[in-house]
$ cat model_20.cif   # mmCIF, C-alpha atoms
data_final
#
loop_
_atom_site.group_PDB
_atom_site.id
_atom_site.type_symbol
_atom_site.label_atom_id
_atom_site.label_comp_id
_atom_site.auth_asym_id
_atom_site.auth_seq_id
_atom_site.Cartn_x
_atom_site.Cartn_y
_atom_site.Cartn_z
ATOM 1 C CA MET Y 1 99.296 126.378 94.479
ATOM 2 C CA ALA Y 2 97.137 125.431 91.485
ATOM 3 C CA SER Y 3 93.954 123.455 91.951
ATOM 4 C CA TYR Y 4 92.798 120.980 89.318
ATOM 5 C CA LYS Y 5 89.305 119.819 88.419
ATOM 6 C CA ILE Y 6 89.478 116.475 86.618
ATOM 7 C CA HIS Y 7 87.562 113.466 85.426
ATOM 8 C CA TYR Y 8 89.495 110.222 85.797
ATOM 9 C CA LYS Y 9 89.296 106.451 85.679
ATOM 10 C CA LEU Y 10 91.917 104.171 87.199
ATOM 11 C CA SER Y 11 91.859 100.595 85.937
ATOM 12 C CA HIS Y 12 93.879 97.462 86.601
ATOM 13 C CA ALA Y 13 95.730 96.159 83.527
ATOM 14 C CA ASN Y 14 93.141 93.373 83.333
ATOM 15 C CA GLY Y 15 90.461 96.024 82.711
ATOM 16 C CA THR Y 16 88.886 95.997 86.174
ATOM 17 C CA LEU Y 17 87.830 99.501 87.231
ATOM 18 C CA VAL Y 18 89.576 100.434 90.480
ATOM 19 C CA ASP Y 19 88.441 104.022 91.053
ATOM 20 C CA GLU Y 20 86.838 106.846 89.146
ATOM 21 C CA ALA Y 21 85.622 110.412 89.362
ATOM 22 C CA TRP Y 22 83.628 110.700 86.167
ATOM 23 C CA ASP Y 23 80.076 111.640 87.139
ATOM 24 C CA GLU Y 24 81.385 113.933 89.882
ATOM 25 C CA PRO Y 25 84.746 115.558 89.016
ATOM 26 C CA LEU Y 26 87.593 115.555 91.524
ATOM 27 C CA LEU Y 27 88.886 118.934 92.739
ATOM 28 C CA PHE Y 28 92.378 118.699 94.252
ATOM 29 C CA GLU Y 29 95.790 120.331 94.626
ATOM 30 C CA ILE Y 30 99.052 118.553 93.883
ATOM 31 C CA GLY Y 31 100.332 117.033 97.110
ATOM 32 C CA ASP Y 32 97.055 117.223 99.062
ATOM 33 C CA GLY Y 33 96.876 113.413 99.310
ATOM 34 C CA GLN Y 34 93.735 112.861 97.246
ATOM 35 C CA LEU Y 35 95.686 111.266 94.383
ATOM 36 C CA ASP Y 36 98.768 109.108 94.622
ATOM 37 C CA PRO Y 37 101.918 110.968 93.461
ATOM 38 C CA CYS Y 38 102.247 108.657 90.427
ATOM 39 C CA LEU Y 39 98.796 109.798 89.254
ATOM 40 C CA GLU Y 40 99.521 113.448 90.051
ATOM 41 C CA LYS Y 41 102.512 113.222 87.701
ATOM 42 C CA CYS Y 42 100.159 112.106 84.917
ATOM 43 C CA VAL Y 43 97.889 115.079 85.610
ATOM 44 C CA LEU Y 44 100.883 117.418 85.363
ATOM 45 C CA ASP Y 45 101.780 115.822 82.001
ATOM 46 C CA ALA Y 46 98.198 116.000 80.672
ATOM 47 C CA LYS Y 47 96.837 118.758 78.450
ATOM 48 C CA LEU Y 48 93.848 120.853 79.515
ATOM 49 C CA GLY Y 49 90.602 119.634 77.956
ATOM 50 C CA GLU Y 50 92.060 116.530 76.289
ATOM 51 C CA LEU Y 51 91.074 113.012 77.326
ATOM 52 C CA GLN Y 52 94.363 111.166 77.771
ATOM 53 C CA THR Y 53 95.299 107.654 78.845
ATOM 54 C CA PHE Y 54 98.517 106.870 80.683
ATOM 55 C CA LEU Y 55 99.693 103.246 80.903
ATOM 56 C CA LEU Y 56 101.835 102.769 83.986
ATOM 57 C CA SER Y 57 103.962 99.743 84.799
ATOM 58 C CA SER Y 58 103.838 98.493 88.378
ATOM 59 C CA SER Y 59 107.169 100.172 89.126
ATOM 60 C CA GLU Y 60 105.875 103.502 87.760
ATOM 61 C CA ALA Y 61 102.540 103.175 89.542
ATOM 62 C CA PHE Y 62 102.185 101.721 93.034
ATOM 63 C CA GLY Y 63 105.426 99.778 93.213
ATOM 64 C CA ASP Y 64 106.283 96.132 93.402
ATOM 65 C CA SER Y 65 104.802 93.661 95.844
ATOM 66 C CA PHE Y 66 107.238 92.763 98.632
ATOM 67 C CA ASP Y 67 107.220 89.466 100.526
ATOM 68 C CA GLU Y 68 108.230 91.372 103.684
ATOM 69 C CA ALA Y 69 104.856 93.145 103.621
ATOM 70 C CA PHE Y 70 103.034 89.853 104.281
ATOM 71 C CA GLN Y 71 102.670 89.165 108.000
ATOM 72 C CA VAL Y 72 101.233 86.082 109.685
ATOM 73 C CA MET Y 73 99.190 86.988 112.731
ATOM 74 C CA GLN Y 74 97.175 84.945 115.179
ATOM 75 C CA ARG Y 75 93.378 85.142 115.229
ATOM 76 C CA SER Y 76 93.695 86.358 118.838
ATOM 77 C CA ASP Y 77 95.549 89.475 117.542
ATOM 78 C CA PHE Y 78 92.274 90.690 115.998
ATOM 79 C CA PRO Y 79 89.329 92.218 117.857
ATOM 80 C CA ALA Y 80 86.674 89.583 118.560
ATOM 81 C CA ASP Y 81 83.974 91.557 116.700
ATOM 82 C CA ILE Y 82 85.844 91.601 113.362
ATOM 83 C CA LYS Y 83 84.623 89.095 110.791
ATOM 84 C CA LEU Y 84 87.760 87.601 109.279
ATOM 85 C CA GLU Y 85 87.354 86.718 105.610
ATOM 86 C CA LEU Y 86 89.597 86.618 102.550
ATOM 87 C CA ASP Y 87 90.298 89.976 100.901
ATOM 88 C CA ALA Y 88 88.796 91.914 103.819
ATOM 89 C CA ALA Y 89 90.602 95.162 104.638
ATOM 90 C CA VAL Y 90 91.533 95.538 108.299
ATOM 91 C CA GLU Y 91 92.957 98.652 109.955
ATOM 92 C CA PHE Y 92 95.725 98.247 112.519
ATOM 93 C CA ASN Y 93 97.070 100.894 114.887
ATOM 94 C CA THR Y 94 100.712 100.998 115.940
ATOM 95 C CA PRO Y 95 101.736 101.855 119.512
ATOM 96 C CA ALA Y 96 102.679 105.314 118.148
ATOM 97 C CA GLY Y 97 99.099 105.801 116.927
ATOM 98 C CA ASP Y 98 99.759 105.392 113.195
ATOM 99 C CA ALA Y 99 97.134 103.469 111.232
ATOM 100 C CA TYR Y 100 97.929 100.858 108.585
ATOM 101 C CA VAL Y 101 95.502 98.913 106.439
ATOM 102 C CA GLY Y 102 96.172 95.322 105.538
ATOM 103 C CA CYS Y 103 94.203 92.886 103.420
ATOM 104 C CA ILE Y 104 93.568 89.337 104.625
ATOM 105 C CA ASP Y 105 95.436 87.122 102.179
ATOM 106 C CA SER Y 106 94.834 83.671 103.699
ATOM 107 C CA ILE Y 107 93.287 82.000 106.718
ATOM 108 C CA ASP Y 108 94.749 78.743 108.007
ATOM 109 C CA GLY Y 109 93.077 77.861 111.292
ATOM 110 C CA GLU Y 110 94.398 80.354 113.837
ATOM 111 C CA ALA Y 111 97.040 81.772 111.442
ATOM 112 C CA ILE Y 112 95.869 84.810 109.474
ATOM 113 C CA ARG Y 113 98.165 86.070 106.698
ATOM 114 C CA VAL Y 114 97.825 89.835 106.131
ATOM 115 C CA ASN Y 115 99.146 91.685 103.088
ATOM 116 C CA PHE Y 116 100.339 95.222 103.900
ATOM 117 C CA ASN Y 117 101.397 96.007 100.304
ATOM 118 C CA HIS Y 118 99.421 98.692 98.475
ATOM 119 C CA PRO Y 119 96.371 96.955 96.927
ATOM 120 C CA LEU Y 120 97.739 97.719 93.438
ATOM 121 C CA ALA Y 121 101.361 96.814 94.216
ATOM 122 C CA GLY Y 122 102.772 94.649 91.454
ATOM 123 C CA ALA Y 123 100.023 95.637 89.001
ATOM 124 C CA ASP Y 124 100.244 97.610 85.790
ATOM 125 C CA VAL Y 125 97.471 100.224 85.609
ATOM 126 C CA SER Y 126 95.718 102.490 83.154
ATOM 127 C CA PHE Y 127 94.937 106.068 84.230
ATOM 128 C CA GLN Y 128 92.516 107.941 82.007
ATOM 129 C CA VAL Y 129 92.272 111.650 82.817
ATOM 130 C CA GLN Y 130 90.687 114.798 81.457
ATOM 131 C CA ILE Y 131 91.578 118.129 83.034
ATOM 132 C CA LEU Y 132 88.453 120.272 83.102
ATOM 133 C CA ASN Y 133 89.921 123.329 84.801
ATOM 134 C CA ILE Y 134 93.106 124.652 86.413
ATOM 135 C CA ASN Y 135 92.918 127.530 88.913
ATOM 136 C CA GLN Y 136 96.280 129.178 89.488
#
$ encode --input "model_20.cif" --output "structure tokens"
Amino acid sequence: MASYKIHYKLSHANGTLVDEAWDEPLLFEIGDGQLDPCLEKCVLDAKLGELQTFLLSSSEAFGDSFDEAFQVMQRSDFPADIKLELDAAVEFNTPAGDAYVGCIDSIDGEAIRVNFNHPLAGADVSFQVQILNINQ
């Protein structure tokens, strides 16, 4: 499988930088989990050596935000040593051992609303990429 060496910047449609590998290029293979599949598709469509910008709608990027992904939990459901604050990311483990990250959306007394959507769900994004090298 081919490995790619790229520079990239991922930005929210409002211009806020979300992630980048500009000073230190990213080396990855398609499907290795380092980039989301929607961004890998852009890399596959990009031309070697050219700086290109891909504008992705929320449905093309990280999907829509779903109300079902918001869960209200009780403060007692959280470990006592976790500081609960808005926008904090919290990792939860299922009985099967899978880990899920949720973001605290609201705090109302003992009721904590957690958003399990992808952090960029519902957002249009800009993905700027330059392929530096492809090793077949």
$ atom_distance --input "model_20.cif" --atom1 "CA of Gly109 in chain Y" --atom2 "CA of Arg75 in chain Y"
8.3 Å
$ closest_residue --input "model_20.cif" --among "Y:Val114, Y:Ile104, Y:Leu56, Y:Leu48" --to "Leu10 in chain Y" --atoms "only C-alpha atoms"
Y:Leu56
$ atom_distance --input "model_20.cif" --atom1 "CA of Gln52 in chain Y" --atom2 "CA of Asp32 in chain Y"
22.3 Å
$ atom_distance --input "model_20.cif" --atom1 "CA of Phe66 in chain Y" --atom2 "CA of Ser106 in chain Y"
16.2 Å
$ closest_residue --input "model_20.cif" --among "Y:Glu68, Y:Asp124, Y:Val129, Y:Tyr8" --to "Trp22 in chain Y" --atoms "only C-alpha atoms"
Y:Tyr8
$ resolve_selection --input "model_20.cif" --expression "the PyMOL selection byres ((chain Y and resi 90) around 7)" --output "list in words"
Ala88, Ala89, Glu91, Phe92, Val101, Gly102 and Cys103 of chain Y
$ residues_around --input "model_20.cif" --residues "Asp77 in chain Y" --least-positions-apart "5" --cutoff "12 Å" --atoms "all atoms listed in the file" --output "PyMOL selection string"
chain Y and resi 71-72+82+84+90+92-93+110-114
$ closest_residue --input "model_20.cif" --among "Y:Met1, Y:Val125, Y:Ile6, Y:Leu120" --to "Glu50 in chain Y" --atoms "only C-alpha atoms"
Y:Ile6
$ closest_residue --input "model_20.cif" --among "Y:Leu55, Y:Ala61, Y:Leu27, Y:Leu86" --to "Lys5 in chain Y" --atoms "only C-alpha atoms"
Y:Leu27
$ resolve_selection --input "model_20.cif" --expression "the PyMOL selection byres ((chain Y and resi 134) around 7)" --output "list in words"
Ala2, Ser3, Tyr4, Lys5, Asn133, Asn135 and Gln136 of chain Y
$ closest_residue --input "model_20.cif" --among "Y:Ile107, Y:Ala69, Y:Ala80, Y:Val18" --to "Gln128 in chain Y" --atoms "only C-alpha atoms"
Y:Val18
$ resolve_selection --input "model_20.cif" --expression "the PyMOL selection byres ((chain Y and resi 65) around 7)" --output "PyMOL selection string"
chain Y and resi 63-64+66-67+117+121-122
$ closest_residue --input "model_20.cif" --among "Y:Gly31, Y:Leu39, Y:Ala123, Y:Asn115" --to "Ser58 in chain Y" --atoms "only C-alpha atoms"
Y:Ala123
$ axis_aligned_box --input "model_20.cif" --around "range 64-74 of chain Y" --padding-each-side "6 Å" --output "JSON"
{"center_x": 102.7, "center_y": 90.5, "center_z": 104.3, "size_x": 23.1, "size_y": 23.2, "size_z": 33.8}
$ decode --input "model_20.cif" --residues "range 29-90 of chain Y" --atoms "C-alpha atoms" --output "compact mmCIF listing (two decimals), in the first residue's frame"
# COMPACT_ATOMS: atom_id res chain seq x y z
CA GLU Y 29 -1.17 5.11 4.62
CA ILE Y 30 -4.76 5.22 3.42
CA GLY Y 31 -6.91 3.43 5.98
CA ASP Y 32 -4.39 3.49 8.85
CA GLY Y 33 -6.70 5.70 10.95
CA GLN Y 34 -4.51 8.80 11.11
CA LEU Y 35 -6.85 10.78 8.84
CA ASP Y 36 -10.61 10.55 8.64
CA PRO Y 37 -11.77 8.78 5.44
CA CYS Y 38 -13.31 12.04 4.13
CA LEU Y 39 -9.86 13.67 4.29
CA GLU Y 40 -8.14 10.62 2.80
CA LYS Y 41 -10.44 10.97 -0.22
CA CYS Y 42 -9.17 14.53 -0.69
CA VAL Y 43 -5.58 13.30 -0.56
CA LEU Y 44 -6.37 10.71 -3.24
CA ASP Y 45 -7.87 13.50 -5.40
CA ALA Y 46 -4.92 15.87 -4.84
CA LYS Y 47 -1.98 16.29 -7.20
CA LEU Y 48 1.58 15.66 -6.04
CA GLY Y 49 3.39 18.87 -5.13
CA GLU Y 50 0.40 21.19 -5.56
CA LEU Y 51 -1.15 23.07 -2.64
CA GLN Y 52 -4.88 22.42 -2.93
CA THR Y 53 -7.91 23.40 -0.87
CA PHE Y 54 -10.99 21.22 -0.59
CA LEU Y 55 -14.22 22.73 0.78
CA LEU Y 56 -16.35 20.03 2.33
CA SER Y 57 -19.97 20.36 3.42
CA SER Y 58 -20.89 18.80 6.75
CA SER Y 59 -22.42 15.81 4.98
CA GLU Y 60 -19.22 15.28 2.95
CA ALA Y 61 -16.98 15.79 5.97
CA PHE Y 62 -17.85 14.52 9.44
CA GLY Y 63 -21.58 14.12 9.02
CA ASP Y 64 -24.58 15.81 10.52
CA SER Y 65 -25.17 16.35 14.21
CA PHE Y 66 -27.78 13.96 15.61
CA ASP Y 67 -29.98 14.70 18.62
CA GLU Y 68 -29.74 11.01 19.60
CA ALA Y 69 -26.01 11.49 20.25
CA PHE Y 70 -26.75 13.85 23.16
CA GLN Y 71 -27.14 11.97 26.44
CA VAL Y 72 -28.10 13.36 29.84
CA MET Y 73 -26.14 11.71 32.62
CA GLN Y 74 -26.05 12.23 36.35
CA ARG Y 75 -23.01 13.77 38.04
CA SER Y 76 -22.70 10.51 40.01
CA ASP Y 77 -22.06 8.66 36.69
CA PHE Y 78 -18.67 10.42 36.45
CA PRO Y 79 -15.55 9.58 38.46
CA ALA Y 80 -15.23 11.89 41.47
CA ASP Y 81 -11.79 13.14 40.37
CA ILE Y 82 -12.99 14.49 36.99
CA LYS Y 83 -13.49 18.24 36.83
CA LEU Y 84 -16.76 18.74 34.98
CA GLU Y 85 -16.79 21.88 32.85
CA LEU Y 86 -18.39 22.96 29.58
CA ASP Y 87 -16.68 21.71 26.41
CA ALA Y 88 -14.47 19.28 28.35
CA ALA Y 89 -13.84 15.98 26.58
CA VAL Y 90 -14.54 12.92 28.71
